[in-house]
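**Q** Got a structure for you, structure17.txt, holding compact mmCIF, C-alpha atoms and all ligand atoms.
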# COMPACT_ATOMS: atom_id res chain seq x y z
CA MET A 505 82.48 109.74 132.25
CA LEU A 506 81.82 110.11 128.55
CA HIS A 507 79.41 112.99 129.07
CA LEU A 508 81.74 114.73 131.45
CA SER A 509 84.67 114.52 129.05
CA ARG A 510 82.45 115.84 126.23
CA LEU A 511 81.40 118.73 128.44
CA VAL A 512 85.03 119.52 129.31
CA TYR A 513 85.94 119.36 125.65
CA ALA A 514 83.06 121.64 124.62
CA LEU A 515 84.12 124.12 127.28
CA PHE A 516 87.68 123.99 126.03
CA VAL A 517 86.64 124.60 122.42
CA LEU A 518 84.52 127.55 123.56
CA LEU A 519 87.39 129.02 125.55
CA SER A 520 89.94 128.65 122.79
CA PHE A 521 87.46 130.19 120.35
CA HIS A 522 87.17 133.22 122.63
CA ARG A 523 90.91 133.45 122.98
CA HIS A 524 91.41 133.58 119.24
CA ARG A 525 88.45 135.84 118.53
CA GLY A 526 89.77 138.23 121.11
CA GLY A 527 92.67 138.93 118.74
CA ALA A 528 95.26 138.04 121.41
CA SER A 529 97.05 135.69 119.00
CA ALA A 530 100.41 136.77 117.66
CA PHE A 531 100.06 134.34 114.77
CA THR A 532 98.56 134.59 111.29
CA PRO A 533 95.29 132.78 110.49
CA GLN A 534 97.36 130.21 108.50
CA GLU A 535 99.58 129.58 111.52
CA GLU A 536 96.53 129.22 113.76
CA GLU A 537 95.23 126.58 111.34
CA GLN A 538 98.56 124.75 111.50
CA ILE A 539 98.36 124.70 115.30
CA GLU A 540 94.78 123.43 115.12
CA ARG A 541 95.81 120.58 112.79
CA PHE A 542 98.55 119.65 115.27
CA GLN A 543 95.98 119.62 118.08
CA ARG A 544 93.63 117.44 116.03
CA TYR A 545 96.38 114.85 115.47
CA LEU A 546 97.27 114.93 119.18
CA ARG A 547 93.64 114.24 120.14
CA ILE A 548 93.71 110.92 118.27
CA ARG A 549 94.47 108.32 120.92
CA THR A 550 97.43 106.47 119.52
CA ALA A 551 98.88 105.51 122.91
CA HIS A 552 99.63 101.90 123.71
CA PRO A 553 98.34 99.36 124.56
CA ASP A 554 95.48 100.07 122.13
CA PRO A 555 96.53 102.72 119.61
CA ASP A 556 93.77 103.96 117.29
CA TYR A 557 95.77 103.55 114.10
CA ALA A 558 92.65 103.69 111.90
CA ALA A 559 91.74 107.20 113.08
CA ALA A 560 95.35 108.36 112.72
CA ALA A 561 95.53 106.92 109.19
CA ALA A 562 92.29 108.67 108.23
CA PHE A 563 93.64 111.99 109.54
CA LEU A 564 97.01 111.64 107.79
CA LEU A 565 95.48 110.56 104.48
CA ALA A 566 93.09 113.54 104.54
CA GLU A 567 96.05 115.86 105.21
CA ALA A 568 98.04 114.30 102.37
CA ARG A 569 95.08 114.78 100.02
CA SER A 570 94.71 118.45 100.96
CA ILE A 571 98.43 119.04 100.33
CA GLY A 572 98.50 117.05 97.10
CA LEU A 573 100.86 114.25 98.10
CA ARG A 574 100.65 110.74 96.73
CA ALA A 575 99.59 108.29 99.43
CA VAL A 576 99.87 104.54 99.87
CA VAL A 577 98.81 102.51 102.90
CA LEU A 578 101.08 99.55 103.59
CA GLU A 579 100.18 96.93 106.17
CA PHE A 580 102.99 94.63 107.29
CA ALA A 581 100.81 93.33 110.14
CA PRO A 582 97.00 93.34 110.25
CA GLY A 583 95.52 96.48 111.82
CA LYS A 584 98.86 98.29 111.77
CA PRO A 585 98.84 100.66 108.81
CA LEU A 586 102.00 102.39 107.63
CA ILE A 587 101.24 105.54 105.67
CA LEU A 588 103.70 106.33 102.89
CA LEU A 589 103.38 109.77 101.28
CA SER A 590 105.37 110.93 98.27
CA TRP A 591 106.14 114.07 96.31
CA PRO A 592 108.00 112.91 93.20
CA GLY A 593 111.06 114.94 92.28
CA SER A 594 111.91 116.27 88.82
CA ASN A 595 114.58 113.56 88.60
CA THR A 596 113.09 110.43 90.12
CA SER A 597 116.24 108.40 89.38
CA LEU A 598 118.20 110.25 92.10
CA PRO A 599 118.35 108.86 95.66
CA SER A 600 115.40 110.31 97.58
CA LEU A 601 114.79 111.95 100.94
CA LEU A 602 112.71 110.09 103.54
CA LEU A 603 111.11 111.80 106.55
CA ASN A 604 110.06 109.30 109.21
CA SER A 605 107.76 109.65 112.22
CA HIS A 606 106.02 107.07 114.38
CA ILE A 607 102.26 107.30 114.89
CA ASP A 608 102.11 105.57 118.27
CA SER A 609 103.01 106.86 121.71
CA VAL A 610 103.53 105.55 125.20
CA PRO A 611 100.54 105.57 127.61
CA ALA A 612 99.79 108.44 129.99
CA GLU A 613 98.47 108.60 133.55
CA PRO A 614 95.76 111.29 133.34
CA SER A 615 95.67 111.81 137.11
CA ARG A 616 99.26 113.05 137.03
CA TRP A 617 98.66 115.62 134.31
CA LEU A 618 97.63 119.30 134.59
CA HIS A 619 95.38 118.82 131.54
CA PRO A 620 93.91 115.61 130.06
CA PRO A 621 96.70 113.99 128.01
CA PHE A 622 94.56 113.60 124.88
CA ALA A 623 92.77 116.96 124.90
CA ALA A 624 95.72 118.94 123.46
CA VAL A 625 94.85 121.91 125.66
CA ARG A 626 96.71 125.08 124.68
CA ASP A 627 97.25 127.24 127.75
CA ALA A 628 97.63 131.01 127.97
CA ALA A 629 101.41 130.66 127.53
CA GLY A 630 100.90 128.76 124.27
CA ARG A 631 101.92 125.38 125.70
CA ILE A 632 100.07 122.52 124.02
CA PHE A 633 99.76 119.64 126.47
CA ALA A 634 99.39 116.14 125.04
CA ARG A 635 100.96 112.72 124.99
CA GLY A 636 102.94 112.72 121.77
CA ALA A 637 103.37 116.52 121.65
CA GLN A 638 107.18 116.00 121.68
CA ASP A 639 107.44 112.29 120.94
CA ASP A 640 106.81 112.54 118.11
CA LYS A 641 103.53 113.70 116.60
CA CYS A 642 104.99 117.19 116.29
CA ILE A 643 107.41 116.21 113.54
CA ALA A 644 104.76 114.41 111.50
CA VAL A 645 102.62 117.55 111.35
CA GLN A 646 105.67 119.78 110.87
CA TYR A 647 106.85 117.68 107.90
CA LEU A 648 103.39 117.94 106.34
CA GLU A 649 102.99 121.66 106.99
CA ALA A 650 106.48 122.36 105.61
CA LEU A 651 105.56 120.40 102.47
CA ARG A 652 102.27 122.32 102.24
CA ASN A 653 104.14 125.64 102.41
CA LEU A 654 106.74 124.50 99.86
CA LYS A 655 103.95 123.39 97.49
CA ASP A 656 102.11 126.69 97.92
CA SER A 657 105.29 128.61 97.13
CA GLY A 658 105.59 126.84 93.77
CA PHE A 659 108.71 124.90 94.79
CA THR A 660 109.73 121.87 92.69
CA PRO A 661 111.91 119.23 94.34
CA LEU A 662 114.80 117.77 92.36
CA ARG A 663 114.86 114.57 94.40
CA SER A 664 111.69 112.79 95.47
CA ILE A 665 110.48 113.39 99.02
CA HIS A 666 108.80 110.59 100.97
CA VAL A 667 107.15 110.68 104.38
CA SER A 668 106.69 107.42 106.30
CA LEU A 669 104.28 107.38 109.25
CA VAL A 670 104.92 104.12 110.99
CA PRO A 671 103.23 102.09 113.73
CA ASP A 672 104.69 100.44 116.81
CA GLU A 673 107.97 102.34 117.36
CA GLU A 674 107.31 102.48 121.09
CA ILE A 675 107.04 98.69 121.30
CA GLY A 676 110.17 97.92 119.29
CA GLY A 677 109.11 98.58 115.71
CA ALA A 678 108.99 94.90 114.66
CA ASP A 679 105.71 95.35 112.72
CA GLY A 680 106.59 98.88 111.67
CA ALA A 681 109.96 100.30 110.63
CA ALA A 682 111.75 96.92 110.88
CA LYS A 683 109.54 95.25 108.25
CA PHE A 684 109.21 98.45 106.20
CA SER A 685 112.98 99.00 105.90
CA ALA A 686 113.45 95.38 104.79
CA SER A 687 110.59 95.51 102.25
CA GLU A 688 110.54 95.68 98.46
CA GLN A 689 108.46 98.87 98.72
CA PHE A 690 111.25 100.49 100.72
CA ARG A 691 113.92 99.36 98.27
CA GLU A 692 111.93 100.93 95.42
CA LEU A 693 112.03 104.33 97.13
CA ASN A 694 115.82 104.41 96.59
CA VAL A 695 116.27 106.37 99.81
CA GLY A 696 119.52 108.30 100.05
CA PHE A 697 118.99 110.00 103.39
CA VAL A 698 116.54 109.76 106.32
CA LEU A 699 115.43 112.25 108.92
CA ASP A 700 113.84 110.65 111.99
CA GLU A 701 112.88 111.87 115.46
CA GLY A 702 115.30 113.55 117.87
CA GLN A 703 114.75 115.14 121.25
CA ALA A 704 113.93 118.51 122.75
CA SER A 705 116.75 120.86 123.72
CA PRO A 706 116.57 123.00 126.87
CA THR A 707 119.01 125.49 125.28
CA ASP A 708 118.66 127.55 122.10
CA GLU A 709 120.71 124.97 120.14
CA PHE A 710 118.92 122.19 118.26
CA ARG A 711 120.11 118.68 119.07
CA VAL A 712 120.96 116.16 116.39
CA PHE A 713 121.66 112.44 116.79
CA TYR A 714 123.89 110.41 114.47
CA ALA A 715 123.55 107.02 116.21
CA ASP A 716 121.41 105.17 118.74
CA ARG A 717 122.75 102.95 121.46
CA SER A 718 121.97 99.31 120.89
CA PRO A 719 119.98 97.63 123.70
CA TRP A 720 120.98 94.21 125.03
CA SER A 721 119.45 92.10 127.80
CA LEU A 722 121.76 89.80 129.74
CA ILE A 723 120.53 87.07 132.06
CA VAL A 724 123.09 85.25 134.21
CA ARG A 725 122.19 82.03 136.03
CA ALA A 726 124.29 80.32 138.68
CA VAL A 727 123.81 76.84 140.13
CA GLY A 728 125.67 75.20 143.02
CA ALA A 729 125.34 72.78 145.87
CA PRO A 730 122.72 73.91 148.41
CA GLY A 731 123.83 74.03 152.02
CA HIS A 732 122.95 74.98 155.54
CA GLY A 733 122.82 78.70 156.18
CA SER A 734 125.57 78.42 158.74
CA ARG A 735 128.17 76.75 156.52
CA MET A 736 130.87 78.55 154.58
CA TYR A 737 131.90 76.62 151.47
CA ASP A 738 133.06 77.31 147.92
CA GLY A 739 130.95 77.27 144.75
CA GLY A 740 127.50 78.09 146.14
CA ALA A 741 125.06 79.54 143.59
CA MET A 742 124.59 82.77 145.53
CA GLU A 743 128.29 83.22 146.12
CA ASN A 744 129.07 82.84 142.41
CA LEU A 745 126.24 85.13 141.45
CA MET A 746 127.56 87.76 143.85
CA ASP A 747 130.97 87.47 142.16
CA CYS A 748 129.20 88.17 138.86
CA VAL A 749 127.40 91.20 140.29
CA GLU A 750 130.68 92.49 141.70
CA ALA A 751 132.49 92.09 138.37
CA VAL A 752 129.66 93.87 136.56
CA ALA A 753 129.61 96.65 139.17
CA LYS A 754 133.34 97.20 138.64
CA PHE A 755 132.89 97.46 134.89
CA ARG A 756 129.91 99.76 135.39
CA GLU A 757 132.04 102.03 137.53
CA SER A 758 134.76 102.19 134.86
CA GLN A 759 132.16 103.38 132.36
CA PHE A 760 130.29 105.72 134.70
CA ASP A 761 133.55 107.36 135.85
CA GLN A 762 134.17 108.54 132.30
CA VAL A 763 130.79 110.26 132.39
CA LYS A 764 131.24 111.68 135.90
CA TYR A 765 134.65 113.12 135.11
CA GLY A 766 133.40 114.55 131.83
CA SER A 767 135.54 112.68 129.32
CA LYS A 768 132.49 111.09 127.68
CA ALA A 769 128.76 111.76 127.34
CA ASN A 770 126.29 109.38 128.94
CA SER A 771 125.43 107.92 125.55
CA GLU A 772 129.08 107.35 124.56
CA VAL A 773 129.79 104.65 127.15
CA ILE A 774 128.39 101.16 127.66
CA SER A 775 125.72 101.38 130.34
CA VAL A 776 124.91 98.30 132.41
CA ASN A 777 122.36 98.16 135.20
CA PRO A 778 120.95 95.24 137.21
CA VAL A 779 117.19 95.14 136.68
CA TYR A 780 116.17 92.06 138.67
CA MET A 781 117.53 89.36 140.96
CA LYS A 782 115.89 86.04 141.63
CA ALA A 783 117.00 83.60 144.32
CA GLY A 784 115.99 81.99 147.58
CA THR A 785 113.71 79.19 148.72
CA PRO A 786 110.19 80.47 149.43
CA SER A 787 108.53 79.65 152.75
CA PRO A 788 105.02 80.51 154.05
CA THR A 789 106.45 83.54 155.86
CA GLY A 790 108.80 84.74 153.12
CA PHE A 791 112.03 82.89 152.44
CA VAL A 792 113.81 80.02 154.16
CA MET A 793 116.54 81.78 156.11
CA ASN A 794 118.82 78.94 157.17
CA MET A 795 119.43 77.52 153.72
CA GLN A 796 121.69 78.60 150.83
CA PRO A 797 119.76 78.05 147.55
CA SER A 798 121.00 75.93 144.66
CA GLU A 799 120.00 78.45 141.97
CA ALA A 800 120.26 82.19 141.55
CA GLU A 801 119.66 84.55 138.65
CA VAL A 802 120.28 88.20 137.79
CA GLY A 803 119.19 90.29 134.82
CA PHE A 804 121.03 93.30 133.35
CA ASP A 805 120.06 96.01 130.89
CA LEU A 806 122.99 96.97 128.65
CA ARG A 807 123.22 99.80 126.11
CA LEU A 808 126.06 99.86 123.61
CA PRO A 809 127.26 102.87 121.63
CA PRO A 810 128.21 102.10 118.00
CA THR A 811 131.88 102.40 118.96
CA ALA A 812 131.68 99.54 121.48
CA ASP A 813 133.94 96.53 120.88
CA ILE A 814 131.28 93.84 120.75
CA ASP A 815 133.63 90.85 120.64
CA LEU A 816 135.54 92.14 123.64
CA LEU A 817 132.33 92.61 125.60
CA LYS A 818 131.11 89.10 124.74
CA LYS A 819 134.49 87.70 125.86
CA ARG A 820 134.22 89.66 129.09
CA ILE A 821 130.75 88.25 129.75
CA SER A 822 131.74 84.62 129.17
CA GLU A 823 135.13 84.81 130.91
CA GLU A 824 134.62 87.30 133.76
CA TRP A 825 130.93 87.84 134.43
CA ALA A 826 129.49 84.37 133.88
CA PRO A 827 132.35 81.83 133.59
CA THR A 828 131.19 78.26 133.00
CA ILE A 829 133.95 76.97 135.30
CA LYS A 830 131.93 78.57 138.10
CA ASN A 831 128.75 76.73 137.06
CA MET A 832 127.31 79.80 135.46
CA THR A 833 125.39 80.15 132.23
CA HIS A 834 124.20 83.24 130.47
CA GLN A 835 121.71 84.32 127.85
CA LEU A 836 122.33 87.38 125.74
CA ILE A 837 119.40 88.94 123.92
CA GLN A 838 120.57 91.46 121.35
CA LYS A 839 117.64 93.67 120.50
CA GLY A 840 118.34 94.95 117.04
CA PRO A 841 121.40 95.25 114.88
CA THR A 842 124.78 96.71 115.80
CA ARG A 843 126.27 96.74 112.28
CA ASP A 844 124.85 97.77 108.92
CA ASN A 845 124.46 95.52 105.86
CA LYS A 846 128.06 96.26 104.90
CA GLY A 847 129.43 95.46 108.38
CA ARG A 848 129.95 99.10 109.42
CA PRO A 849 128.97 100.52 112.82
CA LEU A 850 125.47 102.05 112.84
CA ALA A 851 126.64 105.67 112.90
CA THR A 852 125.99 108.38 110.34
CA PRO A 853 129.05 110.53 109.51
CA THR A 854 128.68 114.13 110.69
CA ASP A 855 131.50 115.71 108.72
CA ASP A 856 131.94 116.97 105.19
CA SER A 857 132.54 113.42 103.91
CA ASN A 858 128.74 113.17 104.06
CA PRO A 859 127.16 115.72 101.68
CA TRP A 860 123.74 115.14 103.24
CA TRP A 861 125.18 116.25 106.58
CA SER A 862 126.76 119.35 105.05
CA ALA A 863 123.48 120.31 103.39
CA PHE A 864 121.53 119.65 106.62
CA LYS A 865 123.90 121.80 108.67
CA GLN A 866 123.80 124.64 106.16
CA ALA A 867 120.01 124.54 106.06
CA ILE A 868 119.76 124.83 109.86
CA LEU A 869 122.06 127.85 109.80
CA ALA A 870 120.10 129.37 106.91
CA SER A 871 116.89 128.99 108.94
CA GLY A 872 118.48 131.07 111.72
CA GLY A 873 118.96 128.04 113.96
CA LYS A 874 121.97 126.85 115.93
CA LEU A 875 123.09 123.24 116.05
CA ALA A 876 124.62 121.55 119.12
CA LYS A 877 127.49 119.06 118.81
CA PRO A 878 126.06 115.87 117.24
CA GLU A 879 125.20 113.22 119.83
CA ILE A 880 124.54 109.52 120.23
CA LEU A 881 121.00 108.93 121.51
CA SER A 882 120.96 107.16 124.89
CA SER A 883 117.91 105.14 123.92
CA THR A 884 116.69 103.59 120.70
CA THR A 885 114.53 104.73 117.77
CA ASP A 886 113.45 103.45 114.36
CA ALA A 887 116.51 105.18 112.90
CA ARG A 888 118.55 102.06 113.64
CA PHE A 889 116.61 100.07 111.02
CA MET A 890 117.37 102.69 108.34
CA ARG A 891 121.04 102.82 109.35
CA GLN A 892 121.10 99.03 109.19
CA MET A 893 120.22 99.34 105.49
CA GLY A 894 123.36 101.44 105.10
CA ILE A 895 121.38 104.68 104.71
CA PRO A 896 122.67 107.82 106.48
CA THR A 897 120.06 108.84 109.06
CA LEU A 898 119.86 111.72 111.51
CA GLY A 899 117.58 112.02 114.53
CA PHE A 900 116.27 115.57 114.65
CA SER A 901 113.23 117.27 116.19
CA PRO A 902 113.37 121.07 115.99
CA MET A 903 112.47 121.86 119.62
CA ALA A 904 114.86 124.43 121.10
CA ASN A 905 114.29 126.10 124.50
CA THR A 906 112.03 123.23 125.48
CA PRO A 907 112.25 120.93 128.53
CA ILE A 908 112.78 117.25 127.66
CA LEU A 909 109.41 115.67 128.45
CA LEU A 910 109.17 112.60 126.24
CA HIS A 911 107.39 109.75 128.07
CA ASP A 912 106.94 112.16 131.04
CA HIS A 913 103.83 113.61 132.67
CA ASN A 914 102.65 116.94 131.23
CA GLU A 915 104.43 116.50 127.92
CA PHE A 916 103.97 119.75 126.01
CA LEU A 917 105.27 121.79 123.10
CA LYS A 918 104.87 125.54 122.78
CA ASP A 919 102.90 126.80 119.79
CA SER A 920 105.71 129.17 118.79
CA VAL A 921 108.29 126.35 118.93
CA PHE A 922 106.01 124.14 116.84
CA LEU A 923 105.59 126.88 114.21
CA ARG A 924 109.31 127.66 114.11
CA GLY A 925 109.95 123.96 113.47
CA ILE A 926 107.84 124.14 110.30
CA LYS A 927 110.07 126.95 109.00
CA VAL A 928 113.19 124.95 109.90
CA TYR A 929 111.89 121.96 107.96
CA GLU A 930 111.07 124.15 104.96
CA HIS A 931 114.78 125.03 104.80
CA VAL A 932 116.00 121.52 105.57
CA ILE A 933 113.65 119.68 103.20
CA GLY A 934 114.05 122.32 100.50
CA ASP A 935 117.86 122.08 100.60
CA LEU A 936 118.17 118.31 101.00
CA CYS A 937 115.90 117.48 98.08
CA SER A 938 117.79 120.03 95.95
CA LEU A 939 121.15 118.40 96.61
CA PRO A 940 122.68 118.15 93.11
CA GLU A 941 123.54 114.79 91.60
CA THR A 942 127.23 115.69 91.39
CA SER A 943 127.62 116.22 95.14
CA LEU A 944 126.97 112.55 95.93
ZN ZN B 1001 109.64 108.63 119.70
What's the structure tokens form of this structure?
Ligand SMILES: [Zn+2]
**A**
Amino acid sequence: MLHLSRLVYALFVLLSFHRHRGGASAFTPQEEEQIERFQRYLRIRTAHPDPDYAAAAAFLLAEARSIGLRAVVLEFAPGKPLILLSWPGSNTSLPSLLLNSHIDSVPAEPSRWLHPPFAAVRDAAGRIFARGAQDDKCIAVQYLEALRNLKDSGFTPLRSIHVSLVPDEEIGGADGAAKFSASEQFRELNVGFVLDEGQASPTDEFRVFYADRSPWSLIVRAVGAPGHGSRMYDGGAMENLMDCVEAVAKFRESQFDQVKYGSKANSEVISVNPVYMKAGTPSPTGFVMNMQPSEAEVGFDLRLPPTADIDLLKKRISEEWAPTIKNMTHQLIQKGPTRDNKGRPLATPTDDSNPWWSAFKQAILASGGKLAKPEILSSTTDARFMRQMGIPTLGFSPMANTPILLHDHNEFLKDSVFLRGIKVYEHVIGDLCSLPETSL
């Protein structure tokens, strides 16, 4: 296996060498080098369950050295390095800019891919196939290459620029961004604004996310008198649990209708979906069929937008979905915060009340890009930890005209899209770290 993969790799290197030597490339030698550095980072296997953080750290530190950035390795959990890079501004007392990207990625099933998921094959159309190509190794390399270009151009930032490359985002971020954002080292950075990952856009407009939905798990358990399968009586565990499922289904419909009829986006409503049900009395051939069980359980996945009325939802759960008078109990697992350290919803203002937003928007326009209407992300990222600290944070990955392939088979990013993203970040980083003191 090892020899075969080496052979395939050698063949690939040979082929790509020919392609470039043949002069078919539309890019400059510097741009080709940027693409190669992206491919090198993609070839480091940082997929779960066993991400090679050491190799990724070595790569990132070498890059930082070649650019001339200050580098510190923080370790909030053993074997899980967090790389913090800095370019001090001319006025280090001003709130700084932080660019965040996670090092890890979800696993991949090689048999379902056109090209091996860790080979970073670049096909004739310029598509670079790799796990992490979109989510989110692209932005890490784009940040660094934008900083390299800014340095080479003689640019001097007013505000300090920091880049955090964090472990474990894909498994919840507990040993990564969660501990980092709560640390003394983070406080010392005096971060005023964060850019974190976004998502690809199939249109020519870049997408930008000002909030994440907050994930909750809800487990409802019902108990009741067992009985013969033939008897109809009140208060059975299954009967009560079915009432719960019905009530939840009705609520789900009220939310989903708003999406179906176009009044709200998918990420602007509370989603709730049953994910498991557990009941019945096992028998050697399956389940006992003439007996109503005394216990039943159902699990739901809930996602709450920052606008959701949390107290109302909790009341609904305890009074309508799992009322104790019907012998039901429930367990609510709130994964992550829903309010920041000042009690505000975890949403970053996207209007001119937020000078960081205004500067970001202007920079995108100046780069020749178009921006879609700001969105709430359906899922969750590390951005929530930064927002929890009360710091305005936008989710943004400059990938226009690109199918959304995060966590999917055949994840890819086109070389030209990758390179354009570097230019976009040059504008965005350049403008954000030049934001004058008086505008904040
Ligand atoms: Zn991601």
**Q** Show me which residues are within 12 Å of ligand ZN 1001 (chain B) counting all atoms listed in the file, and format the list as an MDAnalysis selection string.
**A** chainID A and resid 551 604:610 635:644 669:677 700:704 881 883:887 899:901 909:911
**Q** From the set A:Leu648, A:Ala870, A:Leu693, A:Ala686, which residue has the shortest atom-to-atom contact distance to Gly593 of chain A, counting only C-alpha atoms?
**A**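 The closest residue to Gly593 of chain A is A:Leu693.
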**Q** Ranking A:Leu588, A:Leu651, A:Val698, A:Ala568 by minimum distance to Leu603 of chain A and counting all atoms listed in the file, which one comes first?
**A** A:Val698
**Q** By how many Å are atom CA of Gly803 of chain A and atom CA of Ile723 of chain A apart?
**A**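 Separating atom CA of Gly803 of chain A from atom CA of Ile723 of chain A is a distance of 4.4 Å.
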**Q** Need to verify the contact set: Glu537 of chain A, 12 Å, all atoms listed in the file, exclusion of same-chain residues closer than 6 positions in sequence. Can you return it as a ChimeraX atom specification?
**A** /A:524,531,543-544,645,649,919,923
**Q** Skip segment 857-861 of chain A itself and residues of its chain fewer than 3 positions away, then list as a list of chain:residue names all residues within 10 Å of it, counting all atoms listed in the file.
**A**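 Near segment 857-861 of chain A, the qualifying residues are A:Leu601, A:Gly696, A:Phe697, A:Val698, A:Tyr714, A:Thr852, A:Pro853, A:Thr854, A:Phe864, A:Lys865, A:Gln866, A:Ala867, A:Pro896, A:Thr897, A:Leu898, A:Asp935, A:Leu936, A:Cys937, A:Leu939, A:Pro940, A:Ser943, A:Leu944.
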**Q** From the set A:Ile821, A:Leu654, A:Ala726, A:Leu699, which residue has the shortest atom-to-atom contact distance to Glu799 of chain A, counting all atoms listed in the file?
**A**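 Ranking A:Ile821, A:Leu654, A:Ala726, A:Leu699 by distance to Glu799 of chain A, first place goes to A:Ala726.
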**Q** What is the distance between atom CA of Lys584 of chain A and atom CA of Leu564 of chain A, in Å to one decimal?
**A**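 Pair atom CA of Lys584 of chain A / atom CA of Leu564 of chain A returns 14.1 Å.
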**Q** Quick one, how far is atom CA of Ser775 of chain A from atom CA of Asp805 of chain A?
**A** 7.8 Å
**Q** Check the smallest atom-to-atom distance from each of A:Leu722, A:Met890, A:Met736, A:Leu808 to Met781 of chain A using only C-alpha atoms, then report the winner.
**A**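 Using only C-alpha atoms, the shortest distance to Met781 of chain A belongs to A:Leu722.
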**Q** Could you check which of A:Leu917, A:Val695, A:Ile926, A:Ala826 is closest to Phe633 of chain A, using all atoms listed in the file?
**A**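 Distance minimum relative to Phe633 of chain A lands on A:Leu917.
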